[in-house]
$ cat upload.txt   # compact mmCIF, C-alpha atoms
# COMPACT_ATOMS: atom_id res chain seq x y z
CA MET A 1133 -185.65 4.00 -21.50
CA LYS A 1134 -189.34 4.01 -20.73
CA ARG A 1135 -190.58 3.61 -17.17
CA ARG A 1136 -192.06 0.15 -17.91
CA GLU A 1137 -188.74 -1.09 -19.36
CA LEU A 1138 -186.89 0.19 -16.29
CA PHE A 1139 -189.34 -1.67 -14.06
CA GLN A 1140 -188.90 -4.91 -16.02
CA LYS A 1141 -185.11 -4.56 -15.82
CA ALA A 1142 -185.27 -4.09 -12.05
CA LEU A 1143 -187.48 -7.18 -11.76
CA SER A 1144 -185.05 -9.34 -13.75
CA VAL A 1145 -182.12 -8.24 -11.54
CA GLY A 1146 -184.13 -9.20 -8.47
CA ALA A 1147 -184.88 -12.62 -9.95
CA ALA A 1148 -181.18 -13.21 -10.65
CA VAL A 1149 -180.28 -12.36 -7.04
CA ALA A 1150 -182.97 -14.77 -5.79
CA ALA A 1151 -181.69 -17.53 -8.09
CA ALA A 1152 -178.16 -17.07 -6.75
CA GLY A 1153 -179.53 -17.43 -3.24
CA ILE A 1154 -181.26 -20.67 -4.17
CA LEU A 1155 -178.08 -22.03 -5.75
CA ARG A 1156 -176.16 -21.53 -2.58
CA GLY A 1157 -178.79 -23.18 -0.44
CA GLN A 1158 -178.32 -26.54 1.25
CA SER A 1159 -179.93 -29.62 -0.22
CA SER A 1160 -181.14 -32.60 1.79
CA SER A 1161 -179.41 -34.98 -0.61
CA SER A 1162 -176.00 -33.30 -0.71
CA THR A 1163 -173.50 -31.56 1.50
CA GLY A 1164 -172.55 -27.93 0.91
CA PRO A 1165 -173.49 -25.70 -2.01
CA ALA A 1166 -175.58 -27.10 -4.83
CA GLY A 1167 -173.94 -28.33 -8.03
CA GLY A 1168 -173.18 -25.61 -10.53
CA SER A 1169 -172.96 -22.82 -7.96
CA ARG A 1170 -170.06 -20.42 -7.57
CA GLY A 1171 -169.15 -18.82 -4.27
CA SER A 1172 -166.56 -16.19 -3.43
CA GLN A 1173 -164.22 -18.01 -1.08
CA LEU A 1174 -162.11 -21.06 -1.88
CA VAL A 1175 -162.29 -23.61 0.92
CA ALA A 1176 -160.49 -26.95 1.16
CA ILE A 1177 -163.11 -29.60 1.90
CA VAL A 1178 -160.95 -32.72 1.54
CA THR A 1179 -157.28 -32.87 2.51
CA GLY A 1180 -154.68 -35.38 3.56
CA PRO A 1181 -153.92 -39.06 3.05
CA PHE A 1182 -157.05 -40.94 1.97
CA ASP A 1183 -157.69 -44.34 3.54
CA THR A 1184 -159.94 -46.79 1.67
CA SER A 1185 -159.10 -49.89 3.69
CA SER A 1186 -162.44 -50.08 5.49
CA SER A 1187 -164.46 -50.02 2.26
CA PRO A 1188 -165.55 -53.13 0.31
CA ASN A 1189 -162.81 -54.27 -2.05
CA GLY A 1190 -160.75 -51.26 -0.95
CA VAL A 1191 -162.72 -48.98 -3.31
CA ARG A 1192 -164.12 -45.77 -1.90
CA PRO A 1193 -165.68 -42.58 -3.25
CA ILE A 1194 -164.01 -39.37 -2.13
CA THR A 1195 -167.18 -38.47 -0.22
CA ASN A 1196 -170.06 -40.74 0.73
CA THR A 1197 -172.76 -38.13 0.04
CA PRO A 1198 -172.76 -35.84 -2.99
CA GLN A 1199 -170.57 -32.81 -2.47
CA TYR A 1200 -169.72 -30.50 -5.34
CA ALA A 1201 -166.18 -29.19 -5.76
CA THR A 1202 -164.53 -26.90 -8.26
CA TYR A 1203 -161.08 -28.52 -8.10
CA VAL A 1204 -159.86 -31.97 -7.14
CA ARG A 1205 -156.32 -33.29 -7.02
CA ILE A 1206 -155.17 -36.84 -6.32
CA GLN A 1207 -151.48 -37.55 -5.84
CA ALA A 1208 -149.60 -40.82 -5.44
CA HIS A 1209 -148.27 -40.72 -1.89
CA PRO A 1210 -144.47 -40.41 -1.95
CA GLY A 1211 -142.80 -43.41 -0.36
CA GLN A 1212 -145.66 -45.80 -1.13
CA GLU A 1213 -145.27 -48.55 -3.72
CA GLY A 1214 -148.60 -49.34 -5.38
CA LYS A 1215 -150.48 -47.83 -8.30
CA ILE A 1216 -153.58 -45.75 -7.67
CA ALA A 1217 -156.67 -46.27 -9.83
CA ILE A 1218 -159.25 -43.51 -10.20
CA GLY A 1219 -162.63 -43.98 -11.84
CA GLY A 1220 -166.35 -43.47 -11.76
CA PRO A 1221 -169.13 -45.38 -10.02
CA ALA A 1222 -168.46 -48.50 -12.14
CA MET A 1223 -165.40 -49.09 -9.98
CA ALA A 1224 -167.57 -49.73 -6.92
CA SER A 1225 -168.84 -53.05 -8.27
CA ALA A 1226 -165.76 -54.05 -10.24
CA THR A 1227 -164.41 -57.56 -9.90
CA GLY A 1228 -160.96 -58.85 -10.74
CA ASN A 1229 -158.51 -56.08 -11.50
CA VAL A 1230 -160.38 -53.01 -10.32
CA ALA A 1231 -158.10 -50.81 -12.43
CA ASN A 1232 -159.76 -52.23 -15.56
CA SER A 1233 -162.83 -50.18 -14.60
CA ALA A 1234 -160.84 -47.02 -13.92
CA PHE A 1235 -160.14 -44.08 -16.19
CA VAL A 1236 -156.78 -43.08 -14.74
CA GLU A 1237 -153.91 -44.84 -13.04
CA LEU A 1238 -151.15 -43.10 -11.14
CA TRP A 1239 -147.69 -44.55 -10.92
CA PRO A 1240 -146.14 -44.88 -7.48
CA ASN A 1241 -143.26 -42.70 -6.36
CA TRP A 1242 -141.50 -45.00 -3.95
CA ASP A 1243 -138.15 -43.32 -3.51
CA GLY A 1244 -138.23 -39.99 -5.34
CA SER A 1245 -135.61 -41.13 -7.83
CA MET A 1246 -137.76 -40.43 -10.92
CA ASP A 1247 -138.79 -37.10 -12.44
CA SER A 1248 -136.94 -35.03 -9.84
CA GLY A 1249 -139.05 -36.64 -7.15
CA GLN A 1250 -142.37 -35.41 -8.53
CA SER A 1251 -145.30 -37.73 -7.89
CA ASP A 1252 -147.83 -38.72 -10.54
CA THR A 1253 -150.92 -36.58 -10.02
CA TRP A 1254 -154.44 -36.34 -11.45
CA ILE A 1255 -156.13 -32.94 -11.46
CA LEU A 1256 -159.61 -31.97 -12.59
CA SER A 1257 -161.03 -28.48 -12.31
CA ASP A 1258 -164.08 -26.70 -13.60
CA PRO A 1259 -162.89 -24.09 -16.13
CA GLY A 1260 -165.47 -21.58 -14.91
CA TRP A 1261 -164.71 -22.14 -11.22
CA LEU A 1262 -168.14 -23.59 -10.64
CA ASN A 1263 -168.82 -26.28 -8.06
CA THR A 1264 -169.63 -28.98 -10.62
CA ILE A 1265 -167.49 -31.99 -9.69
CA ASN A 1266 -169.43 -34.46 -7.58
CA LEU A 1267 -166.87 -36.00 -5.24
CA ALA A 1268 -169.23 -38.91 -4.57
CA ASP A 1269 -168.82 -39.92 -8.23
CA ILE A 1270 -165.02 -40.15 -8.06
CA TYR A 1271 -163.78 -43.50 -6.77
CA VAL A 1272 -160.26 -44.34 -5.62
CA TRP A 1273 -158.55 -47.72 -5.34
CA PRO A 1274 -154.98 -48.21 -4.14
CA GLU A 1275 -153.48 -51.35 -5.64
CA ILE A 1276 -151.84 -52.15 -2.32
CA ALA A 1277 -154.35 -52.31 0.51
CA GLY A 1278 -153.78 -49.71 3.17
CA GLU A 1279 -151.89 -47.25 0.98
CA THR A 1280 -153.15 -43.70 1.10
CA PRO A 1281 -153.12 -41.35 -1.89
CA VAL A 1282 -153.12 -37.68 -0.99
CA ILE A 1283 -156.38 -36.01 -1.98
CA THR A 1284 -157.27 -32.34 -2.01
CA ALA A 1285 -160.61 -30.86 -3.07
CA PHE A 1286 -161.65 -27.22 -3.07
CA GLN A 1287 -165.12 -25.72 -3.09
CA LEU A 1288 -166.17 -22.11 -3.59
CA VAL A 1289 -168.55 -21.13 -0.81
CA MET B 443 -178.26 -28.25 -11.83
CA THR B 444 -175.17 -28.66 -13.96
CA ILE B 445 -172.39 -31.01 -12.94
CA LEU B 446 -169.14 -32.19 -14.51
CA SER B 447 -169.55 -35.95 -14.65
CA PRO B 448 -167.41 -38.90 -15.80
CA SER B 449 -168.35 -39.92 -19.36
CA ALA B 450 -169.46 -43.48 -20.02
CA VAL B 451 -166.71 -43.64 -22.63
CA SER B 452 -164.00 -43.35 -19.96
CA GLY B 453 -161.74 -46.31 -19.27
CA PRO B 454 -159.16 -48.52 -20.97
CA LEU B 455 -159.42 -48.27 -24.79
CA THR B 456 -158.44 -51.40 -26.69
CA VAL B 457 -156.34 -50.61 -29.76
CA SER B 458 -155.69 -53.52 -32.10
CA GLY B 459 -153.40 -52.68 -34.95
CA ALA B 460 -154.86 -49.44 -36.32
CA PRO B 461 -155.90 -46.04 -34.95
CA VAL B 462 -159.37 -46.16 -33.41
CA PRO B 463 -161.72 -43.30 -32.50
CA ILE B 464 -162.43 -42.96 -28.80
CA ALA B 465 -166.17 -43.07 -29.52
CA THR B 466 -167.89 -44.60 -32.54
CA SER B 467 -170.58 -41.92 -32.70
CA SER B 468 -170.48 -38.20 -31.93
CA THR B 469 -169.91 -37.77 -28.17
CA LEU B 470 -169.25 -34.27 -26.87
CA VAL B 471 -167.31 -33.75 -23.65
CA ASN B 472 -165.64 -30.89 -21.79
CA HIS B 473 -162.42 -32.58 -20.67
CA LEU B 474 -160.33 -35.35 -22.21
CA SER B 475 -157.14 -37.05 -21.13
CA VAL B 476 -155.33 -39.98 -22.73
CA LYS B 477 -152.51 -41.69 -20.88
CA PRO B 478 -150.41 -44.82 -21.49
CA ARG B 479 -151.53 -47.73 -19.32
CA LEU B 480 -149.07 -48.34 -16.56
CA GLY B 481 -147.12 -51.53 -17.10
CA GLN B 482 -147.71 -51.56 -20.86
CA TRP B 483 -144.94 -50.82 -23.33
CA SER B 484 -146.70 -49.13 -26.22
CA LYS B 485 -145.92 -45.68 -27.44
CA VAL B 486 -149.34 -44.02 -27.73
CA LEU B 487 -150.27 -41.71 -30.61
CA ILE B 488 -153.20 -39.32 -30.57
CA GLY B 489 -154.59 -37.51 -33.59
CA GLY B 490 -157.55 -36.97 -35.84
CA ALA B 491 -159.06 -39.20 -38.49
CA ASN B 492 -155.88 -38.88 -40.57
CA LEU B 493 -153.56 -40.17 -37.81
CA GLY B 494 -150.93 -42.47 -39.28
CA THR B 495 -149.23 -45.36 -37.52
CA ASP B 496 -145.91 -43.76 -38.54
CA GLU B 497 -146.78 -40.74 -36.30
CA SER B 498 -147.83 -38.64 -39.29
CA ASN B 499 -150.48 -36.05 -38.34
CA ALA B 500 -150.13 -36.94 -34.65
CA MET B 501 -151.32 -34.34 -32.15
CA SER B 502 -149.35 -36.04 -29.44
CA VAL B 503 -146.92 -38.93 -29.00
CA LEU B 504 -146.77 -40.39 -25.49
CA TYR B 505 -143.98 -42.56 -24.16
CA PRO B 506 -144.69 -45.50 -21.89
CA VAL B 507 -143.62 -45.30 -18.27
CA PRO B 508 -141.33 -48.22 -17.58
CA ASN B 509 -140.51 -47.84 -13.94
CA GLY B 510 -142.40 -45.38 -11.76
CA GLY B 511 -142.50 -41.61 -11.87
CA ARG B 512 -144.95 -39.35 -13.68
CA ALA B 513 -146.79 -40.76 -16.67
CA ASP B 514 -147.01 -38.77 -19.89
CA ALA B 515 -150.52 -37.63 -20.84
CA PHE B 516 -152.46 -35.76 -23.49
CA VAL B 517 -154.95 -33.40 -21.85
CA VAL B 518 -157.40 -30.98 -23.42
CA GLN B 519 -160.29 -29.08 -21.85
CA ASP B 520 -162.73 -26.48 -23.14
CA GLN B 521 -161.93 -23.48 -20.94
CA GLY B 522 -165.25 -21.92 -21.87
CA GLY B 523 -167.11 -24.53 -19.88
CA GLN B 524 -168.92 -26.24 -22.75
CA ASN B 525 -169.04 -29.80 -24.12
CA THR B 526 -167.16 -29.15 -27.36
CA ILE B 527 -164.66 -32.00 -27.72
CA ASP B 528 -166.06 -34.71 -30.00
CA LEU B 529 -164.58 -38.06 -28.97
CA SER B 530 -165.46 -39.59 -32.33
CA GLN B 531 -162.96 -37.19 -33.94
CA ILE B 532 -160.06 -38.13 -31.66
CA TYR B 533 -158.14 -41.24 -32.68
CA VAL B 534 -155.73 -43.27 -30.58
CA TYR B 535 -153.08 -45.74 -31.67
CA ALA B 536 -150.86 -47.94 -29.52
CA THR B 537 -147.74 -49.40 -31.10
CA ILE B 538 -148.31 -52.81 -29.49
CA PRO B 539 -151.63 -54.33 -30.63
CA GLY B 540 -153.97 -55.10 -27.77
CA ASP B 541 -152.61 -52.45 -25.43
CA THR B 542 -155.19 -50.32 -23.69
CA PRO B 543 -154.38 -46.62 -23.16
CA MET B 544 -156.46 -45.03 -20.44
CA VAL B 545 -159.08 -42.54 -21.61
CA GLU B 546 -160.59 -40.11 -19.14
CA ALA B 547 -163.47 -37.90 -20.25
CA PHE B 548 -165.77 -35.62 -18.32
CA GLU B 549 -168.92 -34.00 -19.63
CA TYR B 550 -171.34 -31.39 -18.36
CA LYS B 551 -174.71 -32.89 -17.52
CA THR B 552 -177.87 -31.36 -16.18
CA VAL B 553 -179.30 -33.47 -13.38
$ encode --input "upload.txt" --output "structure tokens"
Amino acid sequence: MKRRELFQKALSVGAAVAAAGILRGQSSSSTGPAGGSRGSQLVAIVTGPFDTSSSPNGVRPITNTPQYATYVRIQAHPGQEGKIAIGGPAMASATGNVANSAFVELWPNWDGSMDSGQSDTWILSDPGWLNTINLADIYVWPEIAGETPVITAFQLV
Amino acid sequence: MTILSPSAVSGPLTVSGAPVPIATSSTLVNHLSVKPRLGQWSKVLIGGANLGTDESNAMSVLYPVPNGGRADAFVVQDQGGQNTIDLSQIYVYATIPGDTPMVEAFEYKTV
């Protein structure tokens, strides 16, 4: 390889490292790593029962500001009795049956008597383990006000 | 930047008597799931353009969920991280006309 080609190759490697640094940088309009980035450590950024009762119509995005995850899981809370609707931003302004604007519904698991006690669960992950799922675009609506689906989201930082 | 975003096609899909494509024109997505609507009693068939109402050529046959528990679902995702699943080539049929299986689709977008 000629000296000029070696120099160009070294330059392109440097540019790739700089781009990776930019991807991991904070943005003023979002929380955490930028969308499409991929870190080296899996961190849980949302966990536990998710309460939507203080939001208009009981519909709430998983996060209020954009935050990009690589994996999100929403589970009907065992022991609770209502369906859970999951959808996109159209759910925020839905009237009537909010579930008609959803893309997934989860059945309740009120007493563990069905399916060996397993709860209905929705999972979405990026196949390349990139932080591409904007949690602010995923809306959740429990059919029964005050019920709390269990939500987990992971991000690679 | 690239994000995995809900497709505008997502939501309840009305099926009235014959298999219908999920999208009427070519729509490429990365992730697709079809699930019976909770509280409805249709068996839901999924297939290609040659899907028959007698389950011939079905890729998947989903049972309704009568009374709680986990709902059956058809799920496919391009593990290579590309939008390769054409929703106009995936047909859905519900055995009770007017039922609305839930379609969930996510696509990569550059924003």
$ residues_around --input "upload.txt" --residues "B:Leu455" --least-positions-apart "5" --cutoff "12 Å" --atoms "all atoms listed in the file" --output "VMD selection string"
(chain A and resid 1232 to 1236) or (chain B and resid 461 to 465 476 to 479 486 533 to 536 539 to 546)
$ closest_atom_pairs --input "upload.txt" --of "chain B" --to "chain A" --cutoff "8 Å" --atoms "all atoms listed in the file" --output "Markdown table"
| residue | atom | partner | partner_atom | distance |
| --- | --- | --- | --- | --- |
| B:Met443 | CA | A:Gly1167 | CA | 5.8 |
| B:Thr444 | CA | A:Gly1168 | CA | 5.0 |
| B:Ile445 | CA | A:Thr1264 | CA | 4.1 |
| B:Leu446 | CA | A:Thr1264 | CA | 5.1 |
| B:Ser447 | CA | A:Ile1265 | CA | 6.7 |
| B:Pro448 | CA | A:Gly1220 | CA | 6.2 |
| B:Ser452 | CA | A:Phe1235 | CA | 5.4 |
| B:Gly453 | CA | A:Phe1235 | CA | 4.1 |
| B:Pro454 | CA | A:Asn1232 | CA | 6.6 |
| B:Lys477 | CA | A:Val1236 | CA | 7.6 |
| B:Arg479 | CA | A:Glu1237 | CA | 7.3 |
| B:Leu480 | CA | A:Glu1237 | CA | 6.9 |
| B:Gly510 | CA | A:Trp1239 | CA | 5.4 |
| B:Gly511 | CA | A:Met1246 | CA | 5.0 |
| B:Arg512 | CA | A:Asp1252 | CA | 4.3 |
| B:Ala513 | CA | A:Asp1252 | CA | 6.5 |
| B:Asp520 | CA | A:Pro1259 | CA | 7.4 |
| B:Gln521 | CA | A:Pro1259 | CA | 4.9 |
| B:Gly522 | CA | A:Pro1259 | CA | 6.6 |
| B:Gly523 | CA | A:Pro1259 | CA | 5.7 |
| B:Met544 | CA | A:Phe1235 | CA | 5.7 |
| B:Val545 | CA | A:Phe1235 | CA | 5.7 |
| B:Glu546 | CA | A:Phe1235 | CA | 5.0 |
$ residues_near_point --input "upload.txt" --point "(-152.0, -36.9, -22.2)" --cutoff "6 Å" --atoms "all atoms listed in the file" --output "VMD selection string"
chain B and resid 475 to 477 514 to 517
$ closest_residue --input "upload.txt" --among "A:Val1191, A:Ile1255, A:Val1178, A:Ile1206" --to "A:Ala1277" --atoms "only C-alpha atoms"
A:Val1191
$ atom_distance --input "upload.txt" --atom1 "atom CA of A:Ser1162" --atom2 "atom CA of A:Gln1287"
13.5 Å
$ axis_aligned_box --input "upload.txt" --around "stretch 1172-1181 of chain A" --padding-each-side "4 Å" --output "JSON"
{"center_x": -160.2, "center_y": -27.6, "center_z": 0.1, "size_x": 20.6, "size_y": 30.9, "size_z": 15.0}
$ build_atoms --input "upload.txt" --residues "stretch 454-484 of chain B" --atoms "N, CA and C atoms" --output "tab-separated table (two decimals), in the coordinates of the input"
chain	number	residue	atom	x	y	z
B	454	PRO	N	-160.17	-48.00	-20.06
B	454	PRO	CA	-159.16	-48.52	-20.97
B	454	PRO	C	-159.73	-48.65	-22.39
B	455	LEU	N	-158.97	-48.21	-23.39
B	455	LEU	CA	-159.42	-48.27	-24.79
B	455	LEU	C	-158.56	-49.30	-25.52
B	456	THR	N	-159.19	-50.36	-25.99
B	456	THR	CA	-158.44	-51.40	-26.69
B	456	THR	C	-158.09	-50.96	-28.11
B	457	VAL	N	-156.81	-51.01	-28.43
B	457	VAL	CA	-156.34	-50.61	-29.76
B	457	VAL	C	-155.66	-51.83	-30.39
B	458	SER	N	-156.21	-52.27	-31.51
B	458	SER	CA	-155.69	-53.52	-32.10
B	458	SER	C	-155.20	-53.32	-33.53
B	459	GLY	N	-154.06	-52.69	-33.65
B	459	GLY	CA	-153.40	-52.68	-34.95
B	459	GLY	C	-153.62	-51.46	-35.82
B	460	ALA	N	-154.59	-50.64	-35.52
B	460	ALA	CA	-154.86	-49.44	-36.32
B	460	ALA	C	-155.45	-48.36	-35.41
B	461	PRO	N	-155.30	-47.10	-35.78
B	461	PRO	CA	-155.90	-46.04	-34.95
B	461	PRO	C	-157.42	-46.23	-34.83
B	462	VAL	N	-157.93	-46.02	-33.63
B	462	VAL	CA	-159.37	-46.16	-33.41
B	462	VAL	C	-159.91	-44.85	-32.80
B	463	PRO	N	-161.13	-44.47	-33.16
B	463	PRO	CA	-161.72	-43.30	-32.50
B	463	PRO	C	-162.11	-43.66	-31.07
B	464	ILE	N	-162.08	-42.67	-30.19
B	464	ILE	CA	-162.43	-42.96	-28.80
B	464	ILE	C	-163.90	-43.33	-28.69
B	465	ALA	N	-164.75	-42.72	-29.51
B	465	ALA	CA	-166.17	-43.07	-29.52
B	465	ALA	C	-166.58	-43.32	-30.97
B	466	THR	N	-167.50	-44.25	-31.17
B	466	THR	CA	-167.89	-44.60	-32.54
B	466	THR	C	-168.95	-43.64	-33.10
B	467	SER	N	-169.64	-42.94	-32.23
B	467	SER	CA	-170.58	-41.92	-32.70
B	467	SER	C	-170.28	-40.61	-31.97
B	468	SER	N	-170.80	-39.52	-32.48
B	468	SER	CA	-170.48	-38.20	-31.93
B	468	SER	C	-170.79	-38.14	-30.43
B	469	THR	N	-169.77	-37.83	-29.63
B	469	THR	CA	-169.91	-37.77	-28.17
B	469	THR	C	-169.16	-36.53	-27.69
B	470	LEU	N	-169.88	-35.53	-27.25
B	470	LEU	CA	-169.25	-34.27	-26.87
B	470	LEU	C	-168.95	-34.24	-25.38
B	471	VAL	N	-167.71	-33.86	-25.05
B	471	VAL	CA	-167.31	-33.75	-23.65
B	471	VAL	C	-166.57	-32.43	-23.43
B	472	ASN	N	-166.35	-32.12	-22.16
B	472	ASN	CA	-165.64	-30.89	-21.79
B	472	ASN	C	-164.15	-31.13	-21.59
B	473	HIS	N	-163.81	-32.31	-21.07
B	473	HIS	CA	-162.42	-32.58	-20.67
B	473	HIS	C	-162.02	-33.96	-21.17
B	474	LEU	N	-160.82	-34.06	-21.73
B	474	LEU	CA	-160.33	-35.35	-22.21
B	474	LEU	C	-158.87	-35.52	-21.84
B	475	SER	N	-158.54	-36.71	-21.38
B	475	SER	CA	-157.14	-37.05	-21.13
B	475	SER	C	-156.88	-38.47	-21.65
B	476	VAL	N	-155.75	-38.65	-22.30
B	476	VAL	CA	-155.33	-39.98	-22.73
B	476	VAL	C	-153.94	-40.23	-22.17
B	477	LYS	N	-153.76	-41.41	-21.59
B	477	LYS	CA	-152.51	-41.69	-20.88
B	477	LYS	C	-152.11	-43.13	-21.15
B	478	PRO	N	-150.82	-43.41	-21.35
B	478	PRO	CA	-150.41	-44.82	-21.49
B	478	PRO	C	-150.80	-45.61	-20.24
B	479	ARG	N	-151.18	-46.86	-20.46
B	479	ARG	CA	-151.53	-47.73	-19.32
B	479	ARG	C	-150.26	-48.15	-18.61
B	480	LEU	N	-150.27	-48.01	-17.32
B	480	LEU	CA	-149.07	-48.34	-16.56
B	480	LEU	C	-148.76	-49.83	-16.68
B	481	GLY	N	-147.52	-50.14	-16.94
B	481	GLY	CA	-147.12	-51.53	-17.10
B	481	GLY	C	-147.18	-52.01	-18.54
B	482	GLN	N	-147.72	-51.21	-19.44
B	482	GLN	CA	-147.71	-51.56	-20.86
B	482	GLN	C	-146.58	-50.81	-21.54
B	483	TRP	N	-146.17	-51.32	-22.71
B	483	TRP	CA	-144.94	-50.82	-23.33
B	483	TRP	C	-145.18	-50.10	-24.64
B	484	SER	N	-146.42	-49.84	-24.98
B	484	SER	CA	-146.70	-49.13	-26.22
B	484	SER	C	-146.33	-47.66	-26.13
